[in-house]
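Shown here: final_1.pdb, PDB, C-alpha atoms and all ligand atoms.
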```pdb
ATOM      1  CA  VAL A 939       9.018  -4.153   0.581
ATOM      2  CA  ARG A 940      11.316  -1.144   0.595
ATOM      3  CA  VAL A 941      10.389   1.688  -1.776
ATOM      4  CA  ASP A 942      12.863   4.239  -3.103
ATOM      5  CA  ILE A 943      11.058   7.345  -1.844
ATOM      6  CA  ALA A 944       8.305   7.775   0.737
ATOM      7  CA  ILE A 945       6.486  11.092   0.610
ATOM      8  CA  ILE A 946       4.494  12.139   3.650
ATOM      9  CA  GLY A 947       1.692  14.592   2.963
ATOM     10  CA  THR A 948      -0.753  15.182   0.128
ATOM     11  CA  GLY A 949      -0.687  18.974  -0.175
ATOM     12  CA  PRO A 950       0.886  20.667  -3.216
ATOM     13  CA  GLY A 951       4.363  19.894  -1.821
ATOM     14  CA  GLY A 952       3.802  16.149  -1.476
ATOM     15  CA  VAL A 953       1.819  15.864  -4.716
ATOM     16  CA  SER A 954       4.537  17.652  -6.675
ATOM     17  CA  ALA A 955       7.276  15.525  -5.051
ATOM     18  CA  ALA A 956       5.331  12.357  -5.895
ATOM     19  CA  ILE A 957       4.874  13.415  -9.532
ATOM     20  CA  THR A 958       8.568  14.169 -10.069
ATOM     21  CA  SER A 959       9.687  11.003  -8.244
ATOM     22  CA  LYS A 960       7.360   8.898 -10.390
ATOM     23  CA  VAL A 961       8.397  10.608 -13.627
ATOM     24  CA  ARG A 962      11.985   9.770 -12.610
ATOM     25  CA  ASN A 963      10.981   6.094 -12.411
ATOM     26  CA  LYS A 964      11.332   5.681  -8.675
ATOM     27  CA  SER A 965       9.129   3.405  -6.600
ATOM     28  CA  ILE A 966       7.177   5.580  -4.205
ATOM     29  CA  LEU A 967       4.710   5.607  -1.350
ATOM     30  CA  LEU A 968       2.601   8.744  -0.984
ATOM     31  CA  PHE A 969       1.025   9.007   2.473
ATOM     32  CA  GLY A 970      -1.953  11.242   3.129
ATOM     33  CA  GLU A 971      -5.548  11.397   2.061
ATOM     34  CA  SER A 972      -7.058  10.639  -1.330
ATOM     35  CA  THR A 973      -8.986  13.913  -0.978
ATOM     36  CA  LEU A 974      -5.512  15.536  -0.754
ATOM     37  CA  SER A 975      -5.143  18.611   1.502
ATOM     38  CA  SER A 976      -7.990  20.519   3.142
ATOM     39  CA  LYS A 977      -5.828  23.622   2.668
ATOM     40  CA  ILE A 978      -6.217  23.256  -1.084
ATOM     41  CA  GLU A 979      -9.922  22.468  -0.918
ATOM     42  CA  LYS A 980     -10.723  25.414   1.379
ATOM     43  CA  ALA A 981      -9.441  28.256  -0.821
ATOM     44  CA  SER A 982     -12.392  29.936  -2.525
ATOM     45  CA  SER A 983     -10.296  31.778  -5.081
ATOM     46  CA  ILE A 984      -6.647  31.290  -6.069
ATOM     47  CA  LEU A 985      -5.118  34.012  -8.232
ATOM     48  CA  ASN A 986      -1.435  33.104  -8.232
ATOM     49  CA  TYR A 987      -1.046  29.535  -9.476
ATOM     50  CA  PRO A 988       0.638  29.596 -12.924
ATOM     51  CA  GLY A 989      -1.483  28.325 -15.769
ATOM     52  CA  MET A 990      -4.669  28.486 -13.722
ATOM     53  CA  PRO A 991      -5.862  32.102 -13.595
ATOM     54  CA  ASN A 992      -8.580  32.656 -11.011
ATOM     55  CA  THR A 993      -9.116  29.051 -10.042
ATOM     56  CA  SER A 994     -10.706  27.666  -6.907
ATOM     57  CA  GLY A 995      -9.236  25.314  -4.327
ATOM     58  CA  ALA A 996     -11.671  22.609  -5.377
ATOM     59  CA  SER A 997     -10.567  22.888  -9.035
ATOM     60  CA  LEU A 998      -6.872  22.882  -8.152
ATOM     61  CA  SER A 999      -7.405  19.842  -5.958
ATOM     62  CA  SER A1000      -9.247  18.033  -8.708
ATOM     63  CA  ALA A1001      -6.466  18.897 -11.214
ATOM     64  CA  PHE A1002      -3.904  17.472  -8.758
ATOM     65  CA  ARG A1003      -5.952  14.297  -8.344
ATOM     66  CA  GLU A1004      -6.224  13.858 -12.122
ATOM     67  CA  HIS A1005      -2.457  14.294 -12.450
ATOM     68  CA  LEU A1006      -1.805  11.621  -9.826
ATOM     69  CA  GLN A1007      -4.262   9.301 -11.523
ATOM     70  CA  ALA A1008      -2.654   9.865 -14.932
ATOM     71  CA  LEU A1009       0.635   8.655 -13.475
ATOM     72  CA  ASP A1010      -0.966   5.734 -11.588
ATOM     73  CA  ILE A1011       0.048   7.218  -8.246
ATOM     74  CA  ILE A1012      -2.151   5.980  -5.452
ATOM     75  CA  VAL A1013      -2.399   7.618  -2.056
ATOM     76  CA  THR A1014      -1.692   5.349   0.899
ATOM     77  CA  GLU A1015      -4.286   6.503   3.410
ATOM     78  CA  ASP A1016      -2.295   5.895   6.542
ATOM     79  CA  LYS A1017      -1.336   8.537   9.093
ATOM     80  CA  VAL A1018       2.415   8.492   9.631
ATOM     81  CA  LYS A1019       3.210   8.526  13.337
ATOM     82  CA  ALA A1020       7.015   8.519  13.247
ATOM     83  CA  VAL A1021       9.955   8.335  10.840
ATOM     84  CA  TYR A1022      13.157   6.695  12.073
ATOM     85  CA  ALA A1023      16.524   7.030  10.313
ATOM     86  CA  MET A1024      18.066   3.551  10.262
ATOM     87  CA  GLY A1025      21.306   4.292   8.364
ATOM     88  CA  ASP A1026      20.784   3.550   4.677
ATOM     89  CA  TYR A1027      16.991   3.440   4.952
ATOM     90  CA  PHE A1028      14.063   4.832   6.933
ATOM     91  CA  SER A1029      11.526   2.962   8.984
ATOM     92  CA  ILE A1030       8.127   4.615   8.794
ATOM     93  CA  GLN A1031       5.556   3.930  11.449
ATOM     94  CA  GLY A1032       2.017   4.212  10.120
ATOM     95  CA  ALA A1033      -1.077   3.988  12.290
ATOM     96  CA  SER A1034      -1.715   0.504  10.934
ATOM     97  CA  GLN A1035       1.662  -0.875   9.839
ATOM     98  CA  MET A1036       5.384  -0.222   9.314
ATOM     99  CA  TYR A1037       6.928   0.736   5.958
ATOM    100  CA  GLU A1038      10.487   1.106   4.644
ATOM    101  CA  ALA A1039      11.989   3.589   2.213
ATOM    102  CA  THR A1040      15.508   4.514   1.145
ATOM    103  CA  SER A1041      14.651   8.205   1.228
ATOM    104  CA  VAL A1042      11.862  10.252   2.799
ATOM    105  CA  ILE A1043      10.275  13.579   1.871
ATOM    106  CA  ILE A1044       8.384  15.363   4.639
ATOM    107  CA  ALA A1045       5.534  17.447   3.194
ATOM    108  CA  THR A1046       3.188  17.556   6.159
ATOM    109  CA  GLY A1047       2.333  21.271   6.086
ATOM    110  CA  ALA A1048       2.567  23.839   8.861
ATOM    111  CA  ASN A1049       1.796  22.684  12.357
ATOM    112  CA  VAL A1050       0.089  25.431  14.280
ATOM    113  CA  THR A1051      -1.314  23.446  17.184
ATOM    114  CA  LYS A1052      -0.053  24.390  20.609
ATOM    115  CA  PRO A1053       0.775  21.385  22.793
ATOM    116  CA  TYR A1054      -1.111  20.987  26.084
ATOM    117  CA  GLU A1055       0.759  21.874  29.256
ATOM    118  CA  GLY A1056       2.774  18.789  30.256
ATOM    119  CA  GLU A1057       2.397  17.109  26.838
ATOM    120  CA  LEU A1058       5.969  17.487  25.626
ATOM    121  CA  GLU A1059       7.416  16.896  29.089
ATOM    122  CA  PHE A1060       5.686  13.490  29.271
ATOM    123  CA  LEU A1061       5.921  12.516  25.581
ATOM    124  CA  GLY A1062       7.203   8.911  25.560
ATOM    125  CA  ARG A1063       6.503   8.672  29.307
ATOM    126  CA  GLY A1064       2.789   8.099  29.392
ATOM    127  CA  VAL A1065       1.922  10.457  26.542
ATOM    128  CA  SER A1066       1.833   9.038  23.018
ATOM    129  CA  TYR A1067       0.569  10.070  19.590
ATOM    130  CA  CYS A1068      -0.145   6.548  18.316
ATOM    131  CA  ALA A1069      -2.838   4.456  19.978
ATOM    132  CA  THR A1070      -2.545   1.509  17.571
ATOM    133  CA  CYS A1071       1.257   1.347  17.993
ATOM    134  CA  ASP A1072       1.089   1.209  21.791
ATOM    135  CA  ALA A1073      -2.211  -0.680  22.195
ATOM    136  CA  ALA A1074      -0.475  -3.912  23.310
ATOM    137  CA  LEU A1075       0.772  -2.140  26.461
ATOM    138  CA  TYR A1076      -2.824  -1.481  27.502
ATOM    139  CA  LYS A1077      -4.017  -5.053  27.998
ATOM    140  CA  ASP A1078      -6.255  -4.952  31.103
ATOM    141  CA  ARG A1079      -5.372  -1.298  31.616
ATOM    142  CA  GLU A1080      -7.211   1.985  31.188
ATOM    143  CA  ALA A1081      -6.331   4.676  28.674
ATOM    144  CA  ILE A1082      -7.335   8.266  28.004
ATOM    145  CA  VAL A1083      -7.593   9.466  24.409
ATOM    146  CA  VAL A1084      -7.956  13.073  23.281
ATOM    147  CA  ALA A1085      -8.830  13.403  19.596
ATOM    148  CA  THR A1086      -9.334  16.440  17.388
ATOM    149  CA  SER A1087     -11.391  14.837  14.613
ATOM    150  CA  ASN A1088     -13.572  11.845  13.827
ATOM    151  CA  LYS A1089     -10.781  10.517  11.558
ATOM    152  CA  GLU A1090      -9.135   9.203  14.734
ATOM    153  CA  GLU A1091     -12.104   7.080  15.804
ATOM    154  CA  ASP A1092     -10.890   3.832  14.185
ATOM    155  CA  GLU A1093      -7.707   4.065  16.216
ATOM    156  CA  VAL A1094      -9.748   4.461  19.398
ATOM    157  CA  ARG A1095     -11.905   1.423  18.557
ATOM    158  CA  PHE A1096      -8.740  -0.603  17.959
ATOM    159  CA  LEU A1097      -7.316   0.464  21.325
ATOM    160  CA  ALA A1098     -10.627  -0.436  23.009
ATOM    161  CA  GLU A1099     -10.284  -4.024  21.757
ATOM    162  CA  VAL A1100      -7.214  -4.380  23.975
ATOM    163  CA  ALA A1101      -7.641  -1.889  26.837
ATOM    164  CA  SER A1102     -10.051  -2.600  29.694
ATOM    165  CA  LYS A1103     -11.499   0.905  29.404
ATOM    166  CA  VAL A1104     -10.977   4.015  27.317
ATOM    167  CA  TYR A1105     -11.939   7.532  28.384
ATOM    168  CA  TYR A1106     -12.539   9.303  25.083
ATOM    169  CA  VAL A1107     -12.300  13.093  25.026
ATOM    170  CA  PRO A1108     -13.299  14.357  21.579
ATOM    171  CA  THR A1109     -12.510  18.031  20.980
ATOM    172  CA  TYR A1110     -14.833  18.015  17.943
ATOM    173  CA  LYS A1111     -18.597  17.869  17.551
ATOM    174  CA  GLY A1112     -20.782  15.161  16.044
ATOM    175  CA  GLU A1113     -22.249  11.709  16.598
ATOM    176  CA  ILE A1114     -19.795   9.198  18.022
ATOM    177  CA  ASP A1115     -20.421   5.470  18.008
ATOM    178  CA  MET A1116     -18.071   3.558  20.306
ATOM    179  CA  PRO A1117     -17.985   0.114  21.951
ATOM    180  CA  PRO A1118     -19.360  -0.175  25.530
ATOM    181  CA  ASN A1119     -15.952   0.044  27.230
ATOM    182  CA  VAL A1120     -15.381   3.528  25.789
ATOM    183  CA  GLU A1121     -16.714   6.339  27.953
ATOM    184  CA  ILE A1122     -17.146   9.583  26.076
ATOM    185  CA  VAL A1123     -16.101  12.448  28.335
ATOM    186  CA  GLU A1124     -17.024  16.062  27.705
ATOM    187  CA  GLY A1125     -14.589  18.784  28.615
ATOM    188  CA  LYS A1126     -11.665  20.829  27.398
ATOM    189  CA  PRO A1127      -8.191  19.413  28.089
ATOM    190  CA  GLN A1128      -6.122  21.810  30.204
ATOM    191  CA  LYS A1129      -2.971  19.973  31.264
ATOM    192  CA  ILE A1130      -1.294  16.619  31.775
ATOM    193  CA  LEU A1131       0.081  15.654  35.147
ATOM    194  CA  GLY A1132       2.105  12.771  36.561
ATOM    195  CA  GLN A1133       5.155  11.804  38.548
ATOM    196  CA  LEU A1134       7.667   9.645  36.651
ATOM    197  CA  LYS A1135       4.982   9.005  34.060
ATOM    198  CA  ALA A1136       1.872  10.899  32.979
ATOM    199  CA  ASP A1137      -1.311   9.484  34.477
ATOM    200  CA  THR A1138      -3.737  12.403  34.787
ATOM    201  CA  LEU A1139      -5.547  14.563  32.284
ATOM    202  CA  VAL A1140      -7.015  17.713  33.765
ATOM    203  CA  LEU A1141     -10.131  18.909  31.950
ATOM    204  CA  ASP A1142     -12.096  22.066  32.680
ATOM    205  CA  THR A1143     -14.872  19.769  33.906
ATOM    206  CA  LYS A1144     -13.005  17.047  35.852
ATOM    207  CA  GLU A1145      -9.776  15.049  36.187
ATOM    208  CA  LEU A1146      -9.236  11.687  34.506
ATOM    209  CA  LYS A1147      -6.696   9.098  35.629
ATOM    210  CA  ALA A1148      -5.378   6.165  33.569
ATOM    211  CA  PHE A1149      -2.244   4.195  32.674
ATOM    212  CA  GLY A1150      -1.496   6.584  29.819
ATOM    213  CA  ILE A1151      -2.783   9.358  27.588
ATOM    214  CA  PHE A1152      -3.013   9.452  23.801
ATOM    215  CA  ILE A1153      -3.299  12.711  21.903
ATOM    216  CA  LEU A1154      -4.497  12.171  18.341
ATOM    217  CA  ARG A1155      -4.359  15.285  16.185
ATOM    218  CA  GLU A1156      -4.563  15.801  12.435
ATOM    219  CA  SER A1157      -0.903  16.728  12.344
ATOM    220  CA  ILE A1158       2.119  15.889  14.442
ATOM    221  CA  ALA A1159       4.825  18.546  14.858
ATOM    222  CA  ALA A1160       7.619  17.677  12.435
ATOM    223  CA  ASP A1161      10.292  17.486  15.143
ATOM    224  CA  LYS A1162       8.195  14.850  16.936
ATOM    225  CA  LEU A1163       7.448  13.045  13.664
ATOM    226  CA  VAL A1164      11.161  12.771  12.809
ATOM    227  CA  PRO A1165      13.114  12.494  16.057
ATOM    228  CA  GLY A1166      16.457  14.312  15.907
ATOM    229  CA  ILE A1167      15.684  16.510  12.882
ATOM    230  CA  LYS A1168      17.031  20.072  13.053
ATOM    231  CA  PHE A1169      14.235  22.502  13.731
ATOM    232  CA  GLU A1170      14.522  26.272  13.384
ATOM    233  CA  ASN A1171      11.803  28.899  14.005
ATOM    234  CA  ASN A1172       9.196  26.143  14.323
ATOM    235  CA  SER A1173      10.081  24.777  10.858
ATOM    236  CA  ILE A1174      12.309  22.016   9.508
ATOM    237  CA  TRP A1175      15.716  23.413   8.637
ATOM    238  CA  VAL A1176      16.599  22.755   4.954
ATOM    239  CA  ASP A1177      19.365  23.703   2.543
ATOM    240  CA  LYS A1178      18.905  24.825  -1.089
ATOM    241  CA  ASN A1179      18.403  21.210  -2.173
ATOM    242  CA  MET A1180      15.633  20.781   0.428
ATOM    243  CA  ALA A1181      17.922  18.438   2.362
ATOM    244  CA  THR A1182      17.253  18.321   6.106
ATOM    245  CA  SER A1183      19.863  17.666   8.783
ATOM    246  CA  ILE A1184      19.286  13.894   8.354
ATOM    247  CA  ALA A1185      20.930  12.233   5.319
ATOM    248  CA  GLY A1186      18.280  10.968   2.898
ATOM    249  CA  CYS A1187      15.485  12.982   4.486
ATOM    250  CA  PHE A1188      14.177  15.956   2.515
ATOM    251  CA  ALA A1189      11.338  18.389   3.229
ATOM    252  CA  CYS A1190       9.132  20.767   1.260
ATOM    253  CA  GLY A1191       6.215  23.148   1.596
ATOM    254  CA  ASP A1192       4.824  24.904   4.648
ATOM    255  CA  VAL A1193       6.751  22.549   6.958
ATOM    256  CA  THR A1194       9.998  24.298   5.909
ATOM    257  CA  GLY A1195       8.628  27.747   6.767
ATOM    258  CA  LYS A1196       7.104  30.831   5.177
ATOM    259  CA  PRO A1197       5.867  31.993   2.736
ATOM    260  CA  TYR A1198       2.874  29.666   2.936
ATOM    261  CA  GLN A1199       1.978  29.430  -0.745
ATOM    262  CA  TYR A1200       0.886  26.637  -3.118
ATOM    263  CA  ILE A1201       3.524  27.328  -5.738
ATOM    264  CA  LYS A1202       6.313  27.549  -3.150
ATOM    265  CA  ALA A1203       5.235  24.157  -1.773
ATOM    266  CA  ALA A1204       4.982  22.644  -5.266
ATOM    267  CA  GLY A1205       8.363  24.116  -6.317
ATOM    268  CA  GLU A1206      10.072  22.828  -3.210
ATOM    269  CA  GLY A1207       8.412  19.440  -3.760
ATOM    270  CA  ASN A1208      10.050  19.258  -7.169
ATOM    271  CA  VAL A1209      13.497  20.128  -5.752
ATOM    272  CA  ALA A1210      13.089  17.706  -2.826
ATOM    273  CA  ALA A1211      12.155  14.904  -5.229
ATOM    274  CA  LEU A1212      15.122  15.539  -7.532
ATOM    275  CA  SER A1213      17.428  15.532  -4.502
ATOM    276  CA  ALA A1214      15.863  12.310  -3.209
ATOM    277  CA  VAL A1215      16.286  10.719  -6.667
ATOM    278  CA  SER A1216      20.049  11.545  -6.660
ATOM    279  CA  TYR A1217      20.361  10.278  -3.097
ATOM    280  CA  VAL A1218      18.663   6.967  -3.954
ATOM    281  CA  ASP A1219      20.755   6.555  -7.137
ATOM    282  CA  ASN A1220      23.913   7.128  -5.105
ATOM    283  CA  ILE A1221      22.951   4.555  -2.492
ATOM    284  CA  LYS A1222      22.156   2.007  -5.229
ATOM    285  CA  ARG A1223      25.461   2.719  -7.030
ATOM    286  CA  ASN A1224      27.458   2.185  -3.846
ATOM    287  CA  LYS A1225      25.805  -1.113  -2.933
TER     288      LYS A1225
HETATM  289  C1  LIG B1301      -8.232  29.136   3.210
HETATM  290  C2  LIG B1301      -6.829  29.153   2.617
HETATM  291  C3  LIG B1301      -6.588  29.832   1.438
HETATM  292  C4  LIG B1301      -5.312  29.851   0.864
HETATM  293  N1  LIG B1301      -5.118  30.531  -0.290
HETATM  294  C5  LIG B1301      -3.916  30.499  -0.902
HETATM  295  C6  LIG B1301      -3.723  31.145  -2.175
HETATM  296  O1  LIG B1301      -4.621  31.758  -2.748
HETATM  297  N2  LIG B1301      -2.496  31.052  -2.748
HETATM  298  C7  LIG B1301      -1.479  30.350  -2.171
HETATM  299  O2  LIG B1301      -0.411  30.257  -2.777
HETATM  300  N3  LIG B1301      -1.624  29.744  -0.956
HETATM  301  C8  LIG B1301      -2.802  29.812  -0.310
HETATM  302  N4  LIG B1301      -2.963  29.177   0.916
HETATM  303  C9  LIG B1301      -1.804  28.526   1.549
HETATM  304  C10 LIG B1301      -1.649  27.069   1.058
HETATM  305  O3  LIG B1301      -2.818  26.382   1.393
HETATM  306  C11 LIG B1301      -0.445  26.352   1.697
HETATM  307  O4  LIG B1301       0.724  27.127   1.578
HETATM  308  C12 LIG B1301      -0.215  24.999   0.999
HETATM  309  O5  LIG B1301      -1.359  24.188   1.043
HETATM  310  C13 LIG B1301       0.952  24.256   1.638
HETATM  311  O6  LIG B1301       1.125  23.038   1.009
HETATM  312  P1  LIG B1301       1.906  21.833   1.717
HETATM  313  O7  LIG B1301       2.049  20.797   0.657
HETATM  314  O8  LIG B1301       3.137  22.330   2.364
HETATM  315  O9  LIG B1301       0.979  21.351   2.898
HETATM  316  P2  LIG B1301      -0.576  21.182   3.146
HETATM  317  O10 LIG B1301      -1.391  21.699   2.023
HETATM  318  O11 LIG B1301      -0.822  21.705   4.509
HETATM  319  O12 LIG B1301      -0.764  19.598   3.114
HETATM  320  C14 LIG B1301      -0.175  18.753   4.047
HETATM  321  C15 LIG B1301      -0.857  17.411   3.958
HETATM  322  O13 LIG B1301      -0.143  16.443   4.712
HETATM  323  C16 LIG B1301      -1.040  15.621   5.412
HETATM  324  N5  LIG B1301      -0.349  15.125   6.603
HETATM  325  C17 LIG B1301       0.115  15.858   7.639
HETATM  326  N6  LIG B1301       0.698  15.072   8.546
HETATM  327  C18 LIG B1301       0.612  13.802   8.043
HETATM  328  C19 LIG B1301       1.026  12.535   8.543
HETATM  329  N7  LIG B1301       1.673  12.424   9.706
HETATM  330  N8  LIG B1301       0.760  11.425   7.799
HETATM  331  C20 LIG B1301       0.103  11.528   6.609
HETATM  332  N9  LIG B1301      -0.305  12.718   6.097
HETATM  333  C21 LIG B1301      -0.058  13.832   6.809
HETATM  334  C22 LIG B1301      -2.199  16.552   5.771
HETATM  335  O14 LIG B1301      -3.367  15.801   6.034
HETATM  336  C23 LIG B1301      -2.295  17.378   4.506
HETATM  337  O15 LIG B1301      -3.125  16.767   3.569
HETATM  338  C24 LIG B1301      -4.233  29.176   1.501
HETATM  339  C25 LIG B1301      -4.474  28.478   2.700
HETATM  340  C26 LIG B1301      -5.751  28.458   3.269
HETATM  341  C27 LIG B1301      -5.968  27.704   4.562
END
```
Can you turn what I pasted into structure tokens?
Amino acid sequence: VRVDIAIIGTGPGGVSAAITSKVRNKSILLFGESTLSSKIEKASSILNYPGMPNTSGASLSSAFREHLQALDIIVTEDKVKAVYAMGDYFSIQGASQMYEATSVIIATGANVTKPYEGELEFLGRGVSYCATCDAALYKDREAIVVATSNKEEDEVRFLAEVASKVYYVPTYKGEIDMPPNVEIVEGKPQKILGQLKADTLVLDTKELKAFGIFILRESIAADKLVPGIKFENNSIWVDKNMATSIAGCFACGDVTGKPYQYIKAAGEGNVAALSAVSYVDNIKRNK
């Protein structure tokens, strides 16, 4: 099924874009988490959101969730791994399945993580951000997975069903329950090495070797998420209509740059949605 507009991210930008798209009668997919964004939840006191004097992040988040519910908008809890422009539609690779949309709105927030040494050099050549997507390549082979949160554990278990062995390097704390062919390795990743293809992860404790290395983080840099998109000052380049350099792809919120503010993200989400609505209407008219 192809929806009109796919919105990636459940912060104020994505929530606002989803609301406007739905009010404009478009079919939508909203990717993210049903708890919305941790950046909303974490704020202890918010003084500058119109209509909500001195609110808290938890209250704002709950108001957003109520608004989504009132419009029957459900959150698709899948982590988007890549968005491919296919001409008059987009193919969206989730961790568990593929989706299609005529237009896409990127609302994934700011990405502040620094890549490991060698990560970008070997991306697509032994380094990947999606273990479920590439699992089939690991039949009877060994894999290394670095993960920044326990939300990635399902993906690791899935990979372990196919791979002969998985070296799992969690960079977070807590109990981890994995199948017997997953070895949990302690240590801090330092760099990725290889020849034609990456095959070694150097930790501060030891070196691991395998057929390939997965790096599973909470967010993927937007220029890796949408190959070919114009990036400027570590943000997605947009025009006044929140259009990116790719036709049909719009962006809003922290991912388009500073200032990092709720109302800026929500305002841009509204503009991005209205632009996506016109784009979709145009495509339909010309069919
Ligand atoms: C502690 C704290 C206090 C703050 N206080 C204020 C304040 O008082 N006033 C103010 O205006 N601003 C404040 N901010 C800034 C504000 O949080 C951000 O500007 C705002 O949340 C940005 O919204 P966004 O929609 O762009 O992205 P975010 O809120 O960052 O949300 C992005 C969402 O996208 C999801 N996502 C990312 N990648 C993917 C993917 N590949 N697939 C699926 N989902 C994905 C993430 O999980 C996340 O839920 C504060 C921030 C913090 C951290």
query = Using all atoms listed in the file, which protein or nucleic acid residues are at most 8 Å from ligand LIG 1301 (chain B), as number ranges by chain?
reply = A: 946-953, 969-971, 973-978, 980-987, 995, 1015-1020, 1032, 1045-1048, 1156-1158, 1163, 1190-1194, 1197-1204, 1207
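Across A:Thr1040, A:Arg1063, A:Lys1168, A:Glu1145, the tightest approach to Ile1221 (chain A) is made by A:Thr1040 when counting all atoms listed in the file.
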task = Could you tell me which residues the PyMOL selection byres (((chain A and resi 1112) around 12) and not hetatm) returns for this structure, as a VMD selection string?
result = chain A and resid 1086 to 1089 1091 1108 to 1111 1113 to 1115
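Surrounding residues of (4.4, 10.2, 33.3) at most 9 Å away are Glu1059, Phe1060, Leu1061, Gly1062, Arg1063, Gly1064, Val1065, Ile1130, Leu1131, Gly1132, Gln1133, Leu1134, Lys1135, Ala1136, Asp1137, Thr1138, Phe1149 and Gly1150 of chain A (based on all atoms listed in the file).
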Using the chain letters and numbers from this file, what does the PyMOL selection byres (((chain A and resi 1215) around 8) and not hetatm) select? Give the answer as a tab-separated table (two decimals) with C-alpha atoms, in the frame of the given file.
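Result went into selection-v6.tsv, see below:
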```tsv
chain	number	residue	atom	x	y	z
A	943	ILE	CA	11.06	7.34	-1.84
A	959	SER	CA	9.69	11.00	-8.24
A	962	ARG	CA	11.98	9.77	-12.61
A	964	LYS	CA	11.33	5.68	-8.68
A	1211	ALA	CA	12.16	14.90	-5.23
A	1212	LEU	CA	15.12	15.54	-7.53
A	1213	SER	CA	17.43	15.53	-4.50
A	1214	ALA	CA	15.86	12.31	-3.21
A	1216	SER	CA	20.05	11.54	-6.66
A	1217	TYR	CA	20.36	10.28	-3.10
A	1218	VAL	CA	18.66	6.97	-3.95
A	1219	ASP	CA	20.76	6.56	-7.14
```
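From CA of Ile1043 (chain A) back to CA of Ala1210 (chain A), the distance works out to 6.9 Å.
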task = Take CA of Cys1068 (chain A) and CA of Ser954 (chain A) and report the distance between them in Å, one decimal.
result =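 CA of Ser954 (chain A) lies at a distance of 27.7 Å from CA of Cys1068 (chain A).
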Please return the centre and edge lengths, in Å to one decimal, of a box with edges along x, y and z that contains all listed atoms of region 1211-1215 of chain A, widened by 4 Å on every side, as JSON.
```
{"center_x": 14.8, "center_y": 13.1, "center_z": -5.4, "size_x": 13.3, "size_y": 12.8, "size_z": 12.3}
```
message = I'd like to know which of A:Gln1007, A:Thr1182, A:Ser965, A:Ser1102 is closest to Gly1166 (chain A), using all atoms listed in the file.
response =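 Ranking A:Gln1007, A:Thr1182, A:Ser965, A:Ser1102 by distance to Gly1166 (chain A), first place goes to A:Thr1182.
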message = For a quick check of understanding, using all atoms listed in the file, which of A:Gly1195, A:Ala1039, A:Arg1223, A:Leu1139 has the smallest distance to Glu1170 (chain A)?
response =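 Selected residue with least distance to Glu1170 (chain A): A:Gly1195.
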message = Taking all atoms listed in the file into account, name the residue in A:Phe1152, A:Ser999, A:Ile1167, A:Lys1126 that is nearest to Tyr1105 (chain A).
response = A:Phe1152
ask   = What does the distance between CA of Thr1070 (chain A) and CA of Asn1119 (chain A) come to in Å, to one decimal place?
value = 16.6 Å
ask   = With all atoms listed in the file as the atoms that count, which of A:Ala1148, A:Ala1033, A:Ile966, A:Ala1074 lies nearest to Val1104 (chain A)?
value = A:Ala1148
query = So, counting only C-alpha atoms, which residue among A:Ser994, A:Asn1220, A:Asn1049, A:Ser1041 is closest to Ala1160 (chain A)?
reply =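 The answer is A:Asn1049, which sits nearest to Ala1160 (chain A).
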ask   = So which residues fall inside 9 Å of (16.6, 25.3, 1.1) if we count all atoms listed in the file? Mind giving them as a list in words?
value =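 Neighbouring residues, ordered by chain and number, come to Trp1175, Val1176, Asp1177, Lys1178, Asn1179, Met1180, Ala1181, Thr1182, Ala1189, Cys1190, Thr1194 and Glu1206 of chain A.
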The selected residues should be written to file as a CSV table (one decimal), in the frame of the given file (atoms: C-alpha atoms).
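Result file follows (out28.csv):
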```
chain,number,residue,atom,x,y,z
A,1175,TRP,CA,15.7,23.4,8.6
A,1176,VAL,CA,16.6,22.8,5.0
A,1177,ASP,CA,19.4,23.7,2.5
A,1178,LYS,CA,18.9,24.8,-1.1
A,1179,ASN,CA,18.4,21.2,-2.2
A,1180,MET,CA,15.6,20.8,0.4
A,1181,ALA,CA,17.9,18.4,2.4
A,1182,THR,CA,17.3,18.3,6.1
A,1189,ALA,CA,11.3,18.4,3.2
A,1190,CYS,CA,9.1,20.8,1.3
A,1194,THR,CA,10.0,24.3,5.9
A,1206,GLU,CA,10.1,22.8,-3.2
```
inquiry  = Please list as a list in words every residue within 9 Å of Leu967 (chain A), counting all atoms listed in the file and excluding residues in the same chain fewer than 4 positions away.
reply    = Val941, Asp942, Ile943, Ala944, Ile945, Ile946, Ala956, Ile1011, Ile1012, Val1013, Thr1014 and Ala1039 of chain A
